[in-house]
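Here is the structure we will look at, set down as structure tokens.
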Amino acid sequence: MPAVSFIDAIPNHVSIEEHRSLTGATPTSFSDIPPVLRQRVDNVRIAFDPSLDNFSPEDGAQGTLYIIERFSHPPLL
């Protein structure tokens with residue numbers, strides 16, 4: 001699985017507080033709960049070293065970085 005995935009739109013997600021609320025009661029299906037937005041950072045530029053194929057310096061134009069969980073996992077001990 002690649003470490004970076006390029007997408008055209010922000011995926012459906014919930015805040016940590018929304019996630020707590022959704023999991024506070026037993027949902028019909030845990031798979032229906034959207035992933036959690038862990039961090040949002042405005043006004044960032046992205047650069048990769050070493051560079052990635054099909055990602056030029058121009059592609060790293062200023063924007064917003066969203067760090068969203070993709071899979072749930074138990075906490076590391």
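Scheme for the structure tokens: letters A, B, ... for chains in order shown; per-chain residue numbers from 1; ligand numbers from 1 in order shown.
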Legend entry - DSSP-assigned alpha helix (DSSP H) members of chain A, reported as a list in words: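 Residues of chain A classed as alpha helix (DSSP H): Ile16, Glu17, Glu18, His19, Arg20, Ser21, Leu22, Thr23 and Gly24 of chain A.
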Inset, instruction - Would you kindly return, as a list in words, each protein, DNA or RNA residue with an atom no farther than 10 Å from any atom of A:Leu37, considering only C-alpha atoms and excluding same-chain residues fewer than 2 positions away? - result: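 Surrounding residues, per the criterion: Pro11, Asn12, His13, Val14, Ser15, Ile16, His19, Pro34, Pro35, Gln39, Arg40, Tyr66, Ile67, Ile68, Glu69 and Arg70 of chain A.
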Inset, instruction - List the neighbours of A:Ser56 out to 12 Å using only C-alpha atoms; skip same-chain residues closer than 5 positions along the sequence, and give me the result as JSON, numbers by chain. - result: {"A": [45, 46, 47, 48, 49, 50, 51, 61]}
Write out the residues from the selection above, keeping C-alpha atoms, as a short mmCIF file (atom, residue, chain, number, x, y, z; two decimals), in the first residue's frame.
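Ended up saving to result.cif:
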```cif
data_model
loop_
_atom_site.label_atom_id
_atom_site.label_comp_id
_atom_site.auth_asym_id
_atom_site.auth_seq_id
_atom_site.Cartn_x
_atom_site.Cartn_y
_atom_site.Cartn_z
CA ARG A 45 3.27 23.41 1.00
CA ILE A 46 4.07 19.76 0.36
CA ALA A 47 7.41 18.43 -0.88
CA PHE A 48 8.66 14.84 -0.98
CA ASP A 49 12.29 13.81 -0.61
CA PRO A 50 12.94 11.61 -2.43
CA SER A 51 10.48 12.90 -4.98
CA ALA A 61 1.27 24.61 -4.16
#
```
Please give the complete set of residues from chain A that DSSP, run on the backbone, assigns to strand (DSSP E), formatted as a compact mmCIF listing (two decimals) with N, CA, C and O atoms, in the first residue's frame.
```txt
# COMPACT_ATOMS: atom_id res chain seq x y z
N LEU A 37 -10.98 12.82 11.48
CA LEU A 37 -10.03 13.85 11.09
C LEU A 37 -9.11 14.09 12.29
O LEU A 37 -9.56 14.53 13.34
N ARG A 38 -7.84 13.74 12.16
CA ARG A 38 -6.89 13.88 13.27
C ARG A 38 -6.24 15.25 13.31
O ARG A 38 -5.92 15.76 14.37
N GLN A 39 -6.02 15.84 12.15
CA GLN A 39 -5.39 17.17 12.13
C GLN A 39 -5.68 17.85 10.81
O GLN A 39 -5.70 17.22 9.76
N ARG A 40 -5.89 19.14 10.87
CA ARG A 40 -6.05 19.98 9.69
C ARG A 40 -5.08 21.14 9.84
O ARG A 40 -5.05 21.81 10.87
N VAL A 41 -4.28 21.37 8.80
CA VAL A 41 -3.29 22.44 8.84
C VAL A 41 -3.47 23.29 7.57
O VAL A 41 -3.36 22.77 6.46
N ASP A 42 -3.77 24.56 7.76
CA ASP A 42 -3.95 25.48 6.63
C ASP A 42 -2.61 26.07 6.20
O ASP A 42 -1.65 26.10 6.97
N ASN A 43 -2.57 26.56 4.96
CA ASN A 43 -1.41 27.28 4.41
C ASN A 43 -0.12 26.48 4.48
O ASN A 43 0.89 26.93 4.99
N VAL A 44 -0.15 25.25 3.95
CA VAL A 44 1.05 24.42 3.90
C VAL A 44 1.47 24.20 2.46
O VAL A 44 0.68 24.35 1.53
N GLY A 63 -1.77 25.04 0.23
CA GLY A 63 -3.13 24.53 0.40
C GLY A 63 -3.36 24.09 1.84
O GLY A 63 -2.67 24.53 2.76
N THR A 64 -4.30 23.19 2.01
CA THR A 64 -4.67 22.69 3.33
C THR A 64 -4.36 21.21 3.39
O THR A 64 -4.68 20.46 2.47
N LEU A 65 -3.73 20.78 4.48
CA LEU A 65 -3.39 19.38 4.71
C LEU A 65 -4.39 18.79 5.68
O LEU A 65 -4.63 19.34 6.75
N TYR A 66 -5.01 17.67 5.28
CA TYR A 66 -5.94 16.94 6.13
C TYR A 66 -5.31 15.60 6.47
O TYR A 66 -4.93 14.86 5.56
N ILE A 67 -5.22 15.27 7.74
CA ILE A 67 -4.72 13.97 8.16
C ILE A 67 -5.93 13.22 8.72
O ILE A 67 -6.46 13.57 9.77
N ILE A 68 -6.36 12.22 7.95
CA ILE A 68 -7.58 11.50 8.27
C ILE A 68 -7.24 10.02 8.41
O ILE A 68 -6.52 9.45 7.59
```
Legend entry - Separation of atom CA of A:Phe6 from atom CA of A:Phe55 in Å: 9.5 Å
